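Text of work_32.txt, listed as compact mmCIF, C-alpha atoms (C1' of nucleotides):
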# COMPACT_ATOMS: atom_id res chain seq x y z
CA MET W 18 0.00 0.00 0.00
CA PRO W 19 1.19 3.53 -0.68
CA ASN W 20 2.42 5.73 2.14
CA ASP W 21 3.60 2.81 4.19
CA LEU W 22 6.67 4.01 6.04
CA ASP W 23 8.64 0.86 5.27
CA THR W 24 8.29 1.27 1.54
CA VAL W 25 8.65 5.04 1.55
CA PHE W 26 11.89 5.03 3.51
CA ALA W 27 13.23 2.05 1.56
CA ALA W 28 12.49 3.89 -1.66
CA LEU W 29 14.28 6.98 -0.39
CA ALA W 30 17.33 4.98 0.68
CA ASP W 31 18.60 4.64 -2.89
CA PRO W 32 20.53 7.60 -4.37
CA THR W 33 19.33 6.88 -7.90
CA ARG W 34 15.74 7.09 -6.74
CA ARG W 35 16.34 10.30 -4.81
CA ALA W 36 17.95 11.76 -7.93
CA ILE W 37 14.89 10.76 -9.94
CA LEU W 38 12.63 12.50 -7.44
CA ALA W 39 14.78 15.61 -7.69
CA MET W 40 14.44 15.53 -11.47
CA LEU W 41 10.70 15.17 -11.26
CA LEU W 42 10.56 18.20 -9.03
CA GLU W 43 11.43 20.23 -12.11
CA ASP W 44 8.76 18.77 -14.28
CA ASP W 45 6.89 15.62 -15.24
CA MET W 46 9.00 13.35 -17.40
CA ALA W 47 8.76 10.32 -19.67
CA VAL W 48 10.48 7.14 -18.54
CA THR W 49 13.10 7.33 -21.29
CA ASP W 50 13.97 10.90 -20.35
CA VAL W 51 14.22 9.99 -16.69
CA ALA W 52 16.68 7.25 -17.64
CA GLU W 53 18.82 9.37 -19.94
CA PRO W 54 21.28 10.91 -17.42
CA PHE W 55 21.93 7.61 -15.65
CA GLU W 56 24.58 5.10 -16.59
CA MET W 57 22.33 2.11 -16.27
CA SER W 58 19.84 0.31 -18.42
CA LEU W 59 16.35 1.55 -19.11
CA ALA W 60 15.01 -1.61 -17.50
CA ALA W 61 16.81 -0.76 -14.26
CA ILE W 62 15.29 2.71 -14.23
CA SER W 63 11.91 1.21 -14.98
CA LYS W 64 12.27 -0.94 -11.88
CA HIS W 65 13.21 2.07 -9.79
CA LEU W 66 10.12 3.85 -11.04
CA VAL W 67 7.98 0.89 -10.01
CA ILE W 68 9.44 1.07 -6.53
CA LEU W 69 8.81 4.80 -6.32
CA THR W 70 5.26 4.25 -7.54
CA LYS W 71 4.58 1.51 -5.00
CA ALA W 72 5.85 3.83 -2.29
CA GLY W 73 3.38 6.41 -3.53
CA LEU W 74 6.19 8.88 -4.16
CA ILE W 75 5.37 9.24 -7.84
CA SER W 76 2.51 8.37 -10.15
CA GLN W 77 2.73 7.12 -13.70
CA GLU W 78 0.26 7.79 -16.45
CA LYS W 79 0.46 6.35 -19.92
CA ARG W 80 -0.48 8.68 -22.75
CA GLY W 81 0.02 7.10 -26.13
CA ARG W 82 3.13 5.01 -25.98
CA VAL W 83 4.79 7.36 -23.51
CA LYS W 84 4.49 6.84 -19.77
CA TRP W 85 4.72 10.06 -17.81
CA CYS W 86 6.09 10.24 -14.30
CA LYS W 87 4.85 12.77 -11.80
CA LEU W 88 6.01 13.60 -8.31
CA GLU W 89 3.47 12.83 -5.58
CA PRO W 90 4.49 14.76 -2.49
CA ASP W 91 1.92 13.24 -0.14
CA ALA W 92 3.97 10.16 0.69
CA LEU W 93 6.94 12.38 1.39
CA ARG W 94 4.82 14.45 3.69
CA THR W 95 3.91 11.39 5.71
CA ALA W 96 7.54 10.46 6.18
CA SER W 97 8.51 14.04 6.81
CA VAL W 98 5.97 14.37 9.57
CA TRP W 99 7.21 11.18 11.14
CA MET W 100 10.78 12.42 11.16
CA GLN W 101 10.05 15.91 12.32
CA GLY W 102 8.31 14.48 15.32
CA PHE W 103 11.70 13.25 16.49
CA GLY W 104 13.62 16.35 15.60
CA GLN W 105 11.25 18.72 17.31
CA PHE W 106 9.96 16.90 20.32
CA GLU W 107 11.38 19.55 22.58
CA PRO W 108 8.97 22.39 21.80
CA VAL W 109 5.89 20.48 22.92
CA ASN W 110 3.23 17.98 22.29
CA LEU W 111 5.33 14.93 22.94
CA ASP W 112 2.12 13.27 23.99
CA ALA W 113 0.54 13.56 20.58
CA PHE W 114 3.64 12.30 18.92
CA GLU W 115 3.82 9.28 21.12
CA ARG W 116 0.21 8.49 20.46
CA PHE W 117 1.14 8.55 16.79
CA LEU W 118 4.03 6.19 17.39
CA GLU W 119 1.89 3.74 19.28
CA ILE W 120 -0.29 3.49 16.26
CA GLU W 121 2.66 2.89 13.99
CA LEU W 122 4.62 0.66 16.32
CA PRO W 123 2.62 -2.54 16.73
CA THR W 124 2.50 -3.33 13.01
CA PRO W 125 5.38 -5.68 12.25
CA ASP W 126 3.21 -7.74 9.89
CA GLU W 127 1.18 -5.09 8.12
CA ALA W 128 -1.71 -7.17 6.87
CA MET A 25 29.96 8.47 8.10
CA PRO A 26 26.88 9.53 10.04
CA ASN A 27 24.09 11.53 8.50
CA ASP A 28 24.57 10.12 5.04
CA LEU A 29 21.14 10.03 3.46
CA ASP A 30 21.55 6.51 2.13
CA THR A 31 22.25 5.06 5.54
CA VAL A 32 19.74 7.22 7.38
CA PHE A 33 16.84 6.31 5.11
CA ALA A 34 17.91 2.67 4.96
CA ALA A 35 17.99 2.58 8.75
CA LEU A 36 14.52 4.11 8.93
CA ALA A 37 13.11 1.61 6.44
CA ASP A 38 12.98 -1.18 9.02
CA PRO A 39 10.00 -1.24 11.41
CA THR A 40 12.03 -2.80 14.22
CA ARG A 41 14.50 0.05 14.05
CA ARG A 42 11.76 2.68 13.98
CA ALA A 43 10.21 1.01 17.01
CA ILE A 44 13.56 1.18 18.77
CA LEU A 45 13.82 4.88 18.00
CA ALA A 46 10.35 5.37 19.40
CA MET A 47 11.35 3.59 22.59
CA LEU A 48 14.45 5.75 22.93
CA LEU A 49 12.28 8.80 22.60
CA GLU A 50 11.04 7.99 26.08
CA ASP A 51 14.42 7.58 27.67
CA ASP A 52 17.93 6.22 27.23
CA MET A 53 18.02 2.44 27.47
CA ALA A 54 20.46 -0.45 27.87
CA VAL A 55 20.79 -2.86 24.93
CA THR A 56 19.16 -5.71 26.84
CA ASP A 57 16.18 -3.57 27.73
CA VAL A 58 15.83 -2.39 24.16
CA ALA A 59 15.73 -6.02 23.07
CA GLU A 60 13.23 -7.17 25.68
CA PRO A 61 9.90 -6.41 23.91
CA PHE A 62 11.02 -7.91 20.59
CA GLU A 63 10.63 -11.50 19.58
CA MET A 64 14.11 -11.86 18.20
CA SER A 65 17.54 -12.61 19.55
CA LEU A 66 19.67 -10.12 21.41
CA ALA A 67 22.27 -10.45 18.67
CA ALA A 68 19.73 -9.32 16.08
CA ILE A 69 18.85 -6.24 18.13
CA SER A 70 22.53 -5.57 18.64
CA LYS A 71 22.93 -5.51 14.86
CA HIS A 72 20.01 -3.13 14.49
CA LEU A 73 21.61 -0.84 17.04
CA VAL A 74 24.86 -0.87 15.08
CA ILE A 75 22.94 0.17 11.97
CA LEU A 76 21.19 2.97 13.83
CA THR A 77 24.53 4.09 15.26
CA LYS A 78 26.22 4.11 11.85
CA ALA A 79 23.35 6.18 10.53
CA GLY A 80 23.96 8.61 13.38
CA LEU A 81 20.42 8.14 14.62
CA ILE A 82 21.52 6.95 18.04
CA SER A 83 24.71 6.94 20.08
CA GLN A 84 25.95 4.21 22.38
CA GLU A 85 28.01 4.67 25.50
CA LYS A 86 29.35 1.87 27.64
CA ARG A 87 29.23 2.41 31.38
CA GLY A 88 30.38 -0.58 33.33
CA ARG A 89 29.18 -3.64 31.48
CA VAL A 90 26.02 -1.90 30.36
CA LYS A 91 25.87 -0.15 26.99
CA TRP A 92 23.42 2.73 26.94
CA CYS A 93 21.58 3.83 23.83
CA LYS A 94 20.56 7.42 23.29
CA LEU A 95 18.49 9.01 20.57
CA GLU A 96 20.38 11.45 18.34
CA PRO A 97 17.78 13.48 16.50
CA ASP A 98 20.25 15.44 14.36
CA ALA A 99 20.49 12.80 11.66
CA LEU A 100 16.73 12.86 11.35
CA ARG A 101 16.80 16.59 10.97
CA THR A 102 19.30 16.23 8.15
CA ALA A 103 17.01 13.88 6.30
CA SER A 104 14.08 16.12 7.04
CA VAL A 105 15.94 19.07 5.58
CA TRP A 106 16.63 17.07 2.44
CA MET A 107 12.93 16.45 2.02
CA GLN A 108 12.06 20.05 2.59
CA GLY A 109 14.71 20.96 0.01
CA PHE A 110 12.42 19.76 -2.70
CA GLY A 111 9.16 19.17 -0.90
CA GLN A 112 6.62 21.87 -0.56
CA PHE A 113 5.83 21.29 3.07
CA GLU A 114 6.96 23.75 5.65
CA PRO A 115 9.32 22.69 8.39
CA VAL A 116 7.07 21.21 10.98
CA ASN A 117 3.98 22.72 12.19
CA LEU A 118 2.08 20.91 14.79
CA ASP A 119 -1.17 21.66 13.06
CA ALA A 120 -0.10 19.59 10.09
CA PHE A 121 1.02 16.90 12.45
CA GLU A 122 -2.31 16.72 14.19
CA ARG A 123 -4.18 16.80 10.94
CA PHE A 124 -2.02 13.84 10.05
CA LEU A 125 -3.05 12.11 13.23
CA GLU A 126 -6.72 12.63 12.61
CA ILE A 127 -6.91 12.13 8.88
CA GLU A 128 -4.08 10.02 7.57
CA LEU A 129 -4.37 7.31 10.16
CA PRO A 130 -7.31 5.20 11.21
CA THR A 131 -8.05 6.05 14.84
CA PRO A 132 -7.66 2.99 17.04
CA ASP A 133 -9.72 2.51 20.17
CA GLU A 134 -6.87 2.07 22.56
CA ALA A 135 -4.79 5.12 21.73
C1' DG K 6 38.53 -17.53 41.78
C1' DG K 7 34.44 -18.95 39.65
C1' DA K 8 29.88 -18.33 38.12
C1' DT K 9 26.71 -14.87 36.05
C1' DT K 10 25.23 -11.11 33.34
C1' DG K 11 25.67 -7.85 29.23
C1' DG K 12 26.88 -7.62 24.76
C1' DT K 13 29.43 -8.70 20.48
C1' DC K 14 31.59 -11.78 17.02
C1' DA K 15 31.58 -15.32 13.50
C1' DA K 16 29.67 -18.45 10.62
C1' DC K 17 25.82 -19.60 8.40
C1' DC K 18 21.20 -19.29 5.91
C1' DA K 19 17.08 -17.51 3.20
C1' DT K 20 15.34 -13.64 1.05
C1' DT K 21 15.61 -9.22 -1.04
C1' DT K 22 17.90 -5.78 -3.82
C1' DG K 23 19.87 -3.69 -7.75
C1' DG K 24 21.70 -4.61 -11.73
C1' DT K 25 22.26 -7.12 -16.47
C1' DT K 26 20.58 -8.93 -21.10
C1' DG K 27 17.35 -10.39 -24.57
C1' DA K 28 12.71 -11.17 -25.83
C1' DA K 29 8.07 -9.41 -25.76
C1' DT K 30 4.30 -5.92 -26.03
C1' DA K 31 2.21 -1.90 -27.24
C1' DT K 32 1.83 2.41 -29.89
C1' DG K 33 2.81 5.68 -33.59
C1' DC K 34 4.53 6.75 -38.31
C1' DG K 35 5.32 6.54 -43.41
C1' DC V 8 1.68 -3.26 -43.63
C1' DG V 9 6.26 -2.86 -41.81
C1' DC V 10 9.33 -0.58 -38.99
C1' DA V 11 10.95 2.33 -35.27
C1' DT V 12 10.08 3.90 -30.52
C1' DA V 13 8.70 3.37 -25.60
C1' DT V 14 8.44 0.40 -21.97
C1' DT V 15 8.06 -3.82 -19.54
C1' DC V 16 8.89 -8.83 -18.72
C1' DA V 17 11.70 -12.82 -17.57
C1' DA V 18 15.59 -15.07 -16.39
C1' DC V 19 19.60 -14.62 -14.28
C1' DC V 20 23.45 -12.92 -11.13
C1' DA V 21 26.22 -10.80 -7.21
C1' DA V 22 25.83 -8.51 -3.18
C1' DA V 23 23.35 -6.85 0.76
C1' DT V 24 19.83 -7.65 4.50
C1' DG V 25 17.81 -9.65 8.49
C1' DG V 26 17.70 -13.36 11.05
C1' DT V 27 19.69 -17.63 13.65
C1' DT V 28 23.02 -20.09 16.83
C1' DG V 29 27.11 -20.87 19.62
C1' DA V 30 31.47 -19.22 21.05
C1' DC V 31 33.63 -15.45 23.07
C1' DC V 32 35.10 -11.19 25.95
C1' DA V 33 34.32 -8.05 29.79
C1' DA V 34 32.46 -6.56 33.98
C1' DT V 35 30.21 -7.76 38.38
C1' DC V 36 28.86 -10.56 42.40
C1' DC V 37 29.65 -13.98 46.06

Any chance you could give the structure as structure tokens?
Amino acid sequence: MPNDLDTVFAALADPTRRAILAMLLEDDMAVTDVAEPFEMSLAAISKHLVILTKAGLISQEKRGRVKWCKLEPDALRTASVWMQGFGQFEPVNLDAFERFLEIELPTPDEA
Amino acid sequence: MPNDLDTVFAALADPTRRAILAMLLEDDMAVTDVAEPFEMSLAAISKHLVILTKAGLISQEKRGRVKWCKLEPDALRTASVWMQGFGQFEPVNLDAFERFLEIELPTPDEA
DNA sequence: GGATTGGTCAACCATTTGGTTGAATATGCG
DNA sequence: CGCATATTCAACCAAATGGTTGACCAATCC
């Protein structure tokens, strides 16, 4: 499922994928154009795009024979909120953050 | 090298490690106590702690025969800054966080 | 000193990850 | 139609990941 923290963080852990996200920040791009600056096969990039899509970080839409890739910031927001909770627990509202964690914590299986 | 985005995000991608971070948010803990709630060996937890340490997310200090683990939120801030660098979301506001709590997550009875 | 507790190390294993190549599947173009 | 373009699929591979177990070191207690 999209926006799952496991998949989002795993997707972000690869420098190629972060570079792709940075490129898509500029504009939507076709798969071939995404692949162009990288020194790896198109198939490899295609796999990376699948991973980013499954993480909900991008969406892909096929128009004609071209598949367009678009940044989807919502999944990033989820992860960002999670992280910022740690970084900023001093100011206040530790309680709310810990309630959030208790929701996230007991899901090792993720049905 | 701590605070490298690859290692930070990779460390965060594992639910056990995120749970450990959440526990350390409460207080510093000894390795054995960190391991206690998990259904895996102490050695496995020890490995997770090494990964978190290498990512700079925690620090470990040995006092006597007990090794204490301490949350180090700076690495998280680094990653958070990276996301803000190309994300549109503002650096934390608690409003967004609480909206997240209410909307993005199903509200459990126990929390 | 000897047993116990806290934690890591080393070897091992299964699974996942990130890449390759070559064939296959659209779609668009002349 | 026939060919080029865009993208994925499938099989394969090496390396990394996440776990196990048993041996090992270091500190503490009696």

Item to check | Residues near segment 14-17 of chain K, cut-off 10 Å, only C-alpha atoms (C1' of nucleotides), skip fewer than 5 positions along chain, as a PyMOL selection string | outcome: (chain A and resi 67) or (chain V and resi 27-32)

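Between atom CA of Arg89 of chain A and atom C1' of DG11 of chain K lies a distance of 5.9 Å.
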
Counting only C-alpha atoms (C1' of nucleotides), chain A residues within 10 Å of chain V, as a PDB file with C-alpha atoms, keeping the file's coordinate frame:
ATOM      1  CA  ASP A  38      12.980  -1.180   9.020  1.00  0.00           C
ATOM      2  CA  MET A  64      14.110 -11.860  18.200  1.00  0.00           C
ATOM      3  CA  SER A  65      17.540 -12.610  19.550  1.00  0.00           C
ATOM      4  CA  ALA A  67      22.270 -10.450  18.670  1.00  0.00           C
ATOM      5  CA  ALA A  68      19.730  -9.320  16.080  1.00  0.00           C
ATOM      6  CA  LYS A  71      22.930  -5.510  14.860  1.00  0.00           C
ATOM      7  CA  HIS A  72      20.010  -3.130  14.490  1.00  0.00           C
ATOM      8  CA  ARG A  87      29.230   2.410  31.380  1.00  0.00           C
ATOM      9  CA  GLY A  88      30.380  -0.580  33.330  1.00  0.00           C
ATOM     10  CA  ARG A  89      29.180  -3.640  31.480  1.00  0.00           C
ATOM     11  CA  VAL A  90      26.020  -1.900  30.360  1.00  0.00           C
TER      12      VAL A  90
END

What are the closest atom pairs, with distances in Å to one decimal, for all residues of chain A lying within 6 Å of chain W? Consider all atoms listed in the file, order rows by chain and residue number, and present the result as a Markdown table.
| residue | atom | partner | partner_atom | distance |
| --- | --- | --- | --- | --- |
| A:Asp30 | CA | W:Ala30 | CA | 4.7 |
| A:Phe33 | CA | W:Ala30 | CA | 4.7 |
| A:Ala34 | CA | W:Ala30 | CA | 4.9 |
| A:Ala37 | CA | W:Phe26 | CA | 4.7 |
| A:Ala43 | CA | W:Leu122 | CA | 5.6 |
| A:Pro97 | CA | W:Gly104 | CA | 5.1 |
| A:Leu100 | CA | W:Met100 | CA | 6.0 |
| A:Arg101 | CA | W:Gly104 | CA | 5.6 |
| A:Ser104 | CA | W:Ser97 | CA | 6.0 |

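Going from atom CA of Met46 of chain W to atom CA of Lys84 of chain W covers 8.3 Å.
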
Item to check | Interface list for chain K, partner chain W, 9 Å threshold, all atoms listed in the file, as a PyMOL selection string | outcome: chain K and resi 23-25+31-33
